[in-house]
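Enquirer: Pasting a structure here, questions to come.
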Amino acid sequence: MMSVLILKNVPNEGPGTIEDYLSENNIDYRTVDLSSEDIPHADDFDTLLILGGPMSVNDADQYPYINREIEMVRDFTAKNKKVMGICLGAQIMAKAFGARVFPGEEKEIGWCDIELDYRRGIDRLMGKLARHPATGEILKRFKVFQWHGETFDIPEGGVHLAKSELYPNQAFRFGDNAYALQFHIEVKKETVYEWLKNEQIDMKLLERDTELFYEKYQQRALNFYRVFFGNGTIDA
């Protein structure tokens, strides 16, 4: 039976729609807030999910648990267990696999297009995310929700999966079972407004875009979850 370990780097960035999916499908999981809890033993879990946070992966001197997360990524991957990193979690994965993590030229905030990299064919999971909920068409370009100011290089051995206009590296796969996503696949509609309420952005535009894009985005995310949290190895 699957057991998922969810690591929160800050209290206000939780698993969102991922937690809803796990609960609704009776998948065992444990959420750990690293700002106040220790990481449990890795052998008790077969899937690792690392969420976002405002700190940098390069701030391990201030947040020592980041080094432990890096170790967990390497451990799970070495054992061919499933790993998903979101935003900071994706940057932690890049660092774990030897890639550089660094500030971008500007923040990427709100609803932005990403473009999938099909040069090696359609990745099975990204294809699910790209599939239009109504028509079934697999789109090369579609909206995702972003909130970040740092980026990463693709690690050696990693497979580049997506880019955006501002950030050329939006997602990568490492091996068969590890997926790093710079964007927030897990976000709930109300969380969009809560996270960005203090950002210097056009809130009317954000509200318009959220109402326009969120429902289809959530359906795309559910399609991704159904494959990622399925049993066995993920077919690339």
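Note on naming: chains are A, B, ... as they come in the structure tokens, residues start from 1 per chain, ligands start from 1 in the order shown.
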Which residues are near range 73-78 of chain A? Cut-off 12 Å, only C-alpha atoms, ignore same chain within fewer than 2 positions. Put them as number ranges by chain.
Expert: A: 4-5, 7, 41-50, 66-71, 80-85, 89-98, 173-180, 233
Enquirer: Apply DSSP to the backbone of this structure and, from range 1-39 of chain A, keep only the residues in alpha helix (DSSP H); write these as number ranges by chain.
Expert: A: 16-24
Enquirer: Convert the current residue selection to file output with C-alpha atoms, as a PDB file, in the first residue's frame.
Expert:
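What ended up in part-v1.pdb:
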```
ATOM      1  CA  GLY A  16      -3.563  21.696  -1.434  1.00  0.00           C
ATOM      2  CA  THR A  17      -5.306  19.636  -4.106  1.00  0.00           C
ATOM      3  CA  ILE A  18      -2.748  16.854  -3.700  1.00  0.00           C
ATOM      4  CA  GLU A  19      -3.939  16.285  -0.147  1.00  0.00           C
ATOM      5  CA  ASP A  20      -7.540  16.293  -1.388  1.00  0.00           C
ATOM      6  CA  TYR A  21      -6.666  13.648  -3.978  1.00  0.00           C
ATOM      7  CA  LEU A  22      -4.839  11.429  -1.485  1.00  0.00           C
ATOM      8  CA  SER A  23      -7.694  11.649   1.023  1.00  0.00           C
ATOM      9  CA  GLU A  24     -10.401  10.969  -1.538  1.00  0.00           C
TER      10      GLU A  24
END
```
Enquirer: With distances taken over only C-alpha atoms, which residue among A:Phe145, A:Lys204, A:Gln170, A:Glu165 lies nearest Gln218 in chain A?
Expert: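 That would be A:Phe145, the residue with the smallest distance to Gln218 in chain A.
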Enquirer: If you run DSSP on the backbone, which residues of range 55-167 of chain A are strand (DSSP E), as an MDAnalysis selection string?
Expert: chainID A and resid 82:86 101:116 141:152 158:164
Enquirer: Would you output that residue set with C-alpha atoms, as a short mmCIF file (atom, residue, chain, number, x, y, z; two decimals), in the first residue's frame?
Expert:
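Heads up, here's the output in again-v6.cif:
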```cif
data_model
loop_
_atom_site.label_atom_id
_atom_site.label_comp_id
_atom_site.auth_asym_id
_atom_site.auth_seq_id
_atom_site.Cartn_x
_atom_site.Cartn_y
_atom_site.Cartn_z
CA LYS A 82 8.65 8.26 -6.43
CA VAL A 83 9.64 11.89 -5.83
CA MET A 84 7.82 15.10 -6.70
CA GLY A 85 9.19 18.57 -6.00
CA ILE A 86 7.11 21.74 -6.39
CA VAL A 101 20.07 26.95 -8.37
CA PHE A 102 20.17 30.73 -8.72
CA PRO A 103 18.02 33.91 -8.79
CA GLY A 104 16.13 34.70 -11.99
CA GLU A 105 16.18 38.10 -13.63
CA GLU A 106 12.68 38.85 -12.31
CA LYS A 107 9.90 37.14 -10.41
CA GLU A 108 7.40 34.99 -12.28
CA ILE A 109 4.03 35.49 -10.61
CA GLY A 110 0.47 34.58 -11.58
CA TRP A 111 -0.94 32.66 -14.53
CA CYS A 112 1.75 32.09 -17.15
CA ASP A 113 2.16 29.90 -20.21
CA ILE A 114 4.57 27.02 -20.21
CA GLU A 115 5.62 25.18 -23.35
CA LEU A 116 6.33 21.46 -23.24
CA ARG A 141 1.44 25.39 -24.55
CA PHE A 142 -0.92 26.04 -21.62
CA LYS A 143 -1.37 28.07 -18.42
CA VAL A 144 0.06 27.19 -15.02
CA PHE A 145 0.24 29.10 -11.73
CA GLN A 146 3.63 30.55 -10.83
CA TRP A 147 5.12 32.24 -7.76
CA HIS A 148 8.91 32.18 -7.66
CA GLY A 149 12.05 34.24 -8.18
CA GLU A 150 14.74 31.55 -8.47
CA THR A 151 15.43 28.95 -11.10
CA PHE A 152 17.70 25.98 -11.79
CA GLY A 158 17.76 14.88 -16.20
CA VAL A 159 15.18 15.21 -18.98
CA HIS A 160 14.00 18.75 -19.75
CA LEU A 161 10.20 18.85 -19.87
CA ALA A 162 9.01 22.46 -20.10
CA LYS A 163 9.96 26.13 -20.40
CA SER A 164 8.32 29.55 -20.06
#
```
Enquirer: Quick one: residues within 7 Å of Lys128 in chain A, only C-alpha atoms counted, chain neighbours fewer than 6 positions away excluded, as a PyMOL selection string?
Expert: chain A and resi 220+223-224
